[in-house]
file my_file-v8.cif (mmCIF, C-alpha atoms)
data_my_file
loop_
_atom_site.label_atom_id
_atom_site.label_comp_id
_atom_site.auth_asym_id
_atom_site.auth_seq_id
_atom_site.Cartn_x
_atom_site.Cartn_y
_atom_site.Cartn_z
CA MET P 1442 75.00 -2.70 -123.72
CA ALA P 1443 77.55 -4.81 -125.50
CA GLY P 1444 77.88 -4.13 -129.22
CA HIS P 1445 75.64 -1.04 -129.10
CA ASN P 1446 77.27 2.23 -130.00
CA LYS P 1447 76.07 5.82 -129.90
CA CYS P 1448 75.32 5.82 -133.65
CA GLY P 1449 72.79 3.01 -133.07
CA GLU P 1450 70.74 5.42 -131.00
CA MET P 1451 68.68 8.29 -132.38
CA SER P 1452 71.21 11.07 -132.41
CA ASN P 1453 71.95 14.09 -134.55
CA LYS P 1454 75.66 13.56 -133.81
CA CYS P 1455 75.84 10.56 -136.16
CA ASN P 1456 73.31 11.85 -138.70
CA PRO P 1457 73.44 15.64 -138.61
CA ILE P 1458 70.63 17.69 -140.08
CA THR P 1459 71.78 20.39 -142.47
CA ASP P 1460 70.01 23.19 -140.60
CA PRO P 1461 68.49 22.13 -137.27
CA GLY P 1462 66.37 25.30 -137.22
CA GLN P 1463 64.46 24.24 -140.35
CA PRO P 1464 61.80 21.53 -140.61
CA SER P 1465 62.75 18.37 -142.49
CA VAL P 1466 60.99 17.61 -145.76
CA TYR P 1467 59.45 14.14 -146.02
CA GLN P 1468 57.90 12.07 -148.79
CA ILE P 1469 55.35 9.54 -147.61
CA ARG P 1470 54.04 7.04 -150.14
CA ILE P 1471 50.74 5.25 -149.53
CA LYS P 1472 48.82 2.68 -151.58
CA GLY P 1473 45.72 4.11 -153.24
CA HIS P 1474 44.66 7.57 -154.31
CA LEU P 1475 43.57 10.35 -151.94
CA GLY P 1476 41.49 13.28 -153.12
CA PRO P 1477 42.53 16.93 -152.67
CA GLN P 1478 39.96 17.29 -149.86
CA TRP P 1479 42.44 15.42 -147.63
CA THR P 1480 45.00 18.27 -147.75
CA ASP P 1481 43.74 19.73 -144.45
CA TRP P 1482 44.06 16.32 -142.78
CA PHE P 1483 47.72 16.20 -143.79
CA GLY P 1484 48.80 19.59 -142.52
CA GLY P 1485 49.03 21.21 -145.93
CA LEU P 1486 51.38 18.63 -147.44
CA SER P 1487 51.15 18.37 -151.20
CA ILE P 1488 49.22 15.34 -152.46
CA THR P 1489 50.48 13.82 -155.71
CA LEU P 1490 48.45 11.04 -157.33
CA GLU P 1491 50.82 8.76 -159.18
CA ASP P 1492 50.04 6.74 -162.32
CA ASN P 1493 50.70 3.45 -160.48
CA GLY P 1494 47.81 4.13 -158.08
CA ASP P 1495 49.92 5.38 -155.16
CA THR P 1496 49.66 8.74 -153.41
CA LEU P 1497 52.77 10.72 -152.53
CA LEU P 1498 52.53 13.16 -149.64
CA THR P 1499 55.36 15.70 -149.67
CA GLY P 1500 56.23 18.58 -147.39
CA PRO P 1501 57.99 19.89 -144.33
CA LEU P 1502 57.36 18.45 -140.87
CA LEU P 1503 58.51 20.35 -137.81
CA ASP P 1504 59.79 17.40 -135.78
CA GLN P 1505 59.50 13.67 -135.04
CA PRO P 1506 56.18 14.00 -133.14
CA ALA P 1507 54.69 15.71 -136.22
CA LEU P 1508 55.90 12.83 -138.38
CA TYR P 1509 54.42 10.24 -136.01
CA GLY P 1510 51.12 12.13 -135.93
CA LEU P 1511 50.99 12.11 -139.73
CA LEU P 1512 51.75 8.39 -139.83
CA ARG P 1513 48.97 7.81 -137.28
CA THR P 1514 46.55 9.60 -139.63
CA VAL P 1515 47.61 7.35 -142.53
CA ARG P 1516 47.07 4.31 -140.30
CA ASP P 1517 43.63 5.55 -139.21
CA LEU P 1518 42.60 5.89 -142.87
CA GLY P 1519 43.39 2.20 -143.33
CA MET P 1520 45.59 2.88 -146.34
CA PRO P 1521 48.75 0.76 -146.61
CA LEU P 1522 51.98 2.67 -145.98
CA ILE P 1523 54.59 1.96 -148.65
CA SER P 1524 57.49 4.19 -147.62
CA VAL P 1525 58.66 7.18 -145.62
CA SER P 1526 61.72 9.15 -146.77
CA ARG P 1527 63.40 12.29 -145.49
CA VAL P 1528 64.35 14.35 -148.53
CA GLU P 1529 67.50 16.45 -148.69
CA PRO P 1530 67.07 20.11 -149.63
CA GLY P 1531 67.12 20.47 -153.42
CA GLN P 1532 65.93 16.88 -154.03
CA VAL P 1533 62.28 17.91 -154.32
CA ASP P 1534 60.81 20.40 -156.77
CA ALA P 1535 59.64 23.55 -155.00
CA SER P 1536 56.22 22.89 -156.57
CA ASP P 1537 55.98 19.67 -154.52
CA VAL P 1538 56.29 21.48 -151.20
CA LYS P 1539 53.61 23.83 -149.93
#
call {"tool": "encode", "arguments": {"input": "my_file-v8.cif", "output": "structure tokens"}}
result
Amino acid sequence: MAGHNKCGEMSNKCNPITDPGQPSVYQIRIKGHLGPQWTDWFGGLSITLEDNGDTLLTGPLLDQPALYGLLRTVRDLGMPLISVSRVEPGQVDASDVK
């Protein structure tokens, strides 16, 4: 394809992961508050209720299929997704990750 380089594709060569043997930590922000009973639905991710009415889900996910499965659960709840961010090690308090 013209104008399409290898870095435009999903590749660890252009965006290396610090330690490929370790799961990546993600923060997923959704609109509205979830109760602590939802922890099991989200694979043990920590649930932080923010003052602005959003919920922040934080924790390690093994791979991309695990991330997509989690996003599917958010969609099925009907709660608007605000953002998804991969967090570098040391960016998140240890208390935020279960």
call {"tool": "atom_distance", "arguments": {"input": "my_file-v8.cif", "atom1": "atom CA of P:Glu1491", "atom2": "atom CA of P:Gly1476"}}
result
12.0 Å
call {"tool": "atom_distance", "arguments": {"input": "my_file-v8.cif", "atom1": "atom CA of P:Thr1499", "atom2": "atom CA of P:Arg1513"}}
result
16.0 Å
call {"tool": "closest_residue", "arguments": {"input": "my_file-v8.cif", "among": "P:Val1466, P:Met1520, P:Lys1472, P:Leu1503", "to": "P:Ser1487", "atoms": "all atoms listed in the file"}}
result
P:Val1466
call {"tool": "closest_residue", "arguments": {"input": "my_file-v8.cif", "among": "P:Leu1490, P:Gln1463, P:Trp1479, P:Val1515", "to": "P:Leu1502", "atoms": "all atoms listed in the file"}}
result
P:Gln1463
call {"tool": "closest_residue", "arguments": {"input": "my_file-v8.cif", "among": "P:Gly1494, P:Tyr1509, P:Thr1480, P:Pro1464", "to": "P:Val1525", "atoms": "all atoms listed in the file"}}
result
P:Tyr1509
call {"tool": "resolve_selection", "arguments": {"input": "my_file-v8.cif", "expression": "the PyMOL selection byres ((chain P and resi 1473) around 12)", "output": "PyMOL selection string"}}
result
chain P and resi 1470-1472+1474-1476+1488-1498+1515+1518-1523
call {"tool": "atom_distance", "arguments": {"input": "my_file-v8.cif", "atom1": "atom CA of P:Asp1517", "atom2": "atom CA of P:Gly1500"}}
result
19.9 Å
call {"tool": "resolve_selection", "arguments": {"input": "my_file-v8.cif", "expression": "the PyMOL selection byres ((chain P and resi 1526-1528) around 7)", "output": "PyMOL selection string"}}
result
chain P and resi 1465-1469+1524-1525+1529-1530+1532
call {"tool": "build_atoms", "arguments": {"input": "my_file-v8.cif", "residues": "stretch 1489-1519 of chain P", "atoms": "N, CA and C atoms", "output": "mmCIF file, in the frame of the given file"}}
result
data_model
loop_
_atom_site.group_PDB
_atom_site.id
_atom_site.type_symbol
_atom_site.label_atom_id
_atom_site.label_comp_id
_atom_site.auth_asym_id
_atom_site.auth_seq_id
_atom_site.Cartn_x
_atom_site.Cartn_y
_atom_site.Cartn_z
ATOM 1 N N THR P 1489 50.235 14.150 -154.310
ATOM 2 C CA THR P 1489 50.480 13.820 -155.710
ATOM 3 C C THR P 1489 49.943 12.424 -155.980
ATOM 4 N N LEU P 1490 49.007 12.335 -156.929
ATOM 5 C CA LEU P 1490 48.450 11.040 -157.330
ATOM 6 C C LEU P 1490 49.322 10.488 -158.444
ATOM 7 N N GLU P 1491 49.907 9.334 -158.204
ATOM 8 C CA GLU P 1491 50.820 8.760 -159.180
ATOM 9 C C GLU P 1491 50.101 7.786 -160.107
ATOM 10 N N ASP P 1492 50.655 7.603 -161.298
ATOM 11 C CA ASP P 1492 50.040 6.740 -162.320
ATOM 12 C C ASP P 1492 49.899 5.291 -161.859
ATOM 13 N N ASN P 1493 50.755 4.851 -160.935
ATOM 14 C CA ASN P 1493 50.700 3.450 -160.480
ATOM 15 C C ASN P 1493 49.642 3.229 -159.400
ATOM 16 N N GLY P 1494 48.869 4.274 -159.072
ATOM 17 C CA GLY P 1494 47.810 4.130 -158.080
ATOM 18 C C GLY P 1494 48.203 4.546 -156.684
ATOM 19 N N ASP P 1495 49.460 4.930 -156.475
ATOM 20 C CA ASP P 1495 49.920 5.380 -155.160
ATOM 21 C C ASP P 1495 49.670 6.871 -154.989
ATOM 22 N N THR P 1496 49.714 7.318 -153.736
ATOM 23 C CA THR P 1496 49.660 8.740 -153.410
ATOM 24 C C THR P 1496 50.968 9.093 -152.733
ATOM 25 N N LEU P 1497 51.545 10.220 -153.137
ATOM 26 C CA LEU P 1497 52.770 10.720 -152.530
ATOM 27 C C LEU P 1497 52.452 11.995 -151.780
ATOM 28 N N LEU P 1498 52.683 11.980 -150.474
ATOM 29 C CA LEU P 1498 52.530 13.160 -149.640
ATOM 30 C C LEU P 1498 53.906 13.769 -149.452
ATOM 31 N N THR P 1499 54.060 15.060 -149.751
ATOM 32 C CA THR P 1499 55.360 15.700 -149.670
ATOM 33 C C THR P 1499 55.244 17.031 -148.947
ATOM 34 N N GLY P 1500 56.192 17.279 -148.042
ATOM 35 C CA GLY P 1500 56.230 18.580 -147.390
ATOM 36 C C GLY P 1500 57.037 18.576 -146.121
ATOM 37 N N PRO P 1501 57.192 19.763 -145.544
ATOM 38 C CA PRO P 1501 57.990 19.890 -144.330
ATOM 39 C C PRO P 1501 57.210 19.464 -143.087
ATOM 40 N N LEU P 1502 57.925 18.813 -142.177
ATOM 41 C CA LEU P 1502 57.360 18.450 -140.870
ATOM 42 C C LEU P 1502 58.307 18.999 -139.814
ATOM 43 N N LEU P 1503 57.740 19.632 -138.815
ATOM 44 C CA LEU P 1503 58.510 20.350 -137.810
ATOM 45 C C LEU P 1503 59.462 19.457 -137.025
ATOM 46 N N ASP P 1504 58.974 18.262 -136.633
ATOM 47 C CA ASP P 1504 59.790 17.400 -135.780
ATOM 48 C C ASP P 1504 59.265 15.964 -135.826
ATOM 49 N N GLN P 1505 59.900 15.079 -135.068
ATOM 50 C CA GLN P 1505 59.500 13.670 -135.040
ATOM 51 C C GLN P 1505 58.057 13.469 -134.574
ATOM 52 N N PRO P 1506 57.594 14.170 -133.530
ATOM 53 C CA PRO P 1506 56.180 14.000 -133.140
ATOM 54 C C PRO P 1506 55.214 14.360 -134.264
ATOM 55 N N ALA P 1507 55.547 15.354 -135.083
ATOM 56 C CA ALA P 1507 54.690 15.710 -136.220
ATOM 57 C C ALA P 1507 54.669 14.578 -137.240
ATOM 58 N N LEU P 1508 55.831 13.966 -137.468
ATOM 59 C CA LEU P 1508 55.900 12.830 -138.380
ATOM 60 C C LEU P 1508 55.061 11.664 -137.868
ATOM 61 N N TYR P 1509 55.195 11.340 -136.593
ATOM 62 C CA TYR P 1509 54.420 10.240 -136.010
ATOM 63 C C TYR P 1509 52.926 10.522 -136.057
ATOM 64 N N GLY P 1510 52.531 11.762 -135.846
ATOM 65 C CA GLY P 1510 51.120 12.130 -135.930
ATOM 66 C C GLY P 1510 50.579 11.931 -137.344
ATOM 67 N N LEU P 1511 51.383 12.300 -138.338
ATOM 68 C CA LEU P 1511 50.990 12.110 -139.730
ATOM 69 C C LEU P 1511 50.861 10.625 -140.066
ATOM 70 N N LEU P 1512 51.807 9.838 -139.587
ATOM 71 C CA LEU P 1512 51.750 8.390 -139.830
ATOM 72 C C LEU P 1512 50.538 7.757 -139.136
ATOM 73 N N ARG P 1513 50.163 8.293 -137.986
ATOM 74 C CA ARG P 1513 48.970 7.810 -137.280
ATOM 75 C C ARG P 1513 47.722 8.098 -138.115
ATOM 76 N N THR P 1514 47.678 9.258 -138.770
ATOM 77 C CA THR P 1514 46.550 9.600 -139.630
ATOM 78 C C THR P 1514 46.453 8.640 -140.811
ATOM 79 N N VAL P 1515 47.599 8.320 -141.422
ATOM 80 C CA VAL P 1515 47.610 7.350 -142.530
ATOM 81 C C VAL P 1515 47.080 6.010 -142.034
ATOM 82 N N ARG P 1516 47.537 5.588 -140.870
ATOM 83 C CA ARG P 1516 47.070 4.310 -140.300
ATOM 84 C C ARG P 1516 45.567 4.341 -140.069
ATOM 85 N N ASP P 1517 45.064 5.441 -139.512
ATOM 86 C CA ASP P 1517 43.630 5.550 -139.210
ATOM 87 C C ASP P 1517 42.769 5.519 -140.464
ATOM 88 N N LEU P 1518 43.328 5.955 -141.602
ATOM 89 C CA LEU P 1518 42.600 5.890 -142.870
ATOM 90 C C LEU P 1518 42.521 4.459 -143.403
ATOM 91 N N GLY P 1519 43.372 3.590 -142.879
ATOM 92 C CA GLY P 1519 43.390 2.200 -143.330
ATOM 93 C C GLY P 1519 44.081 2.007 -144.665
#
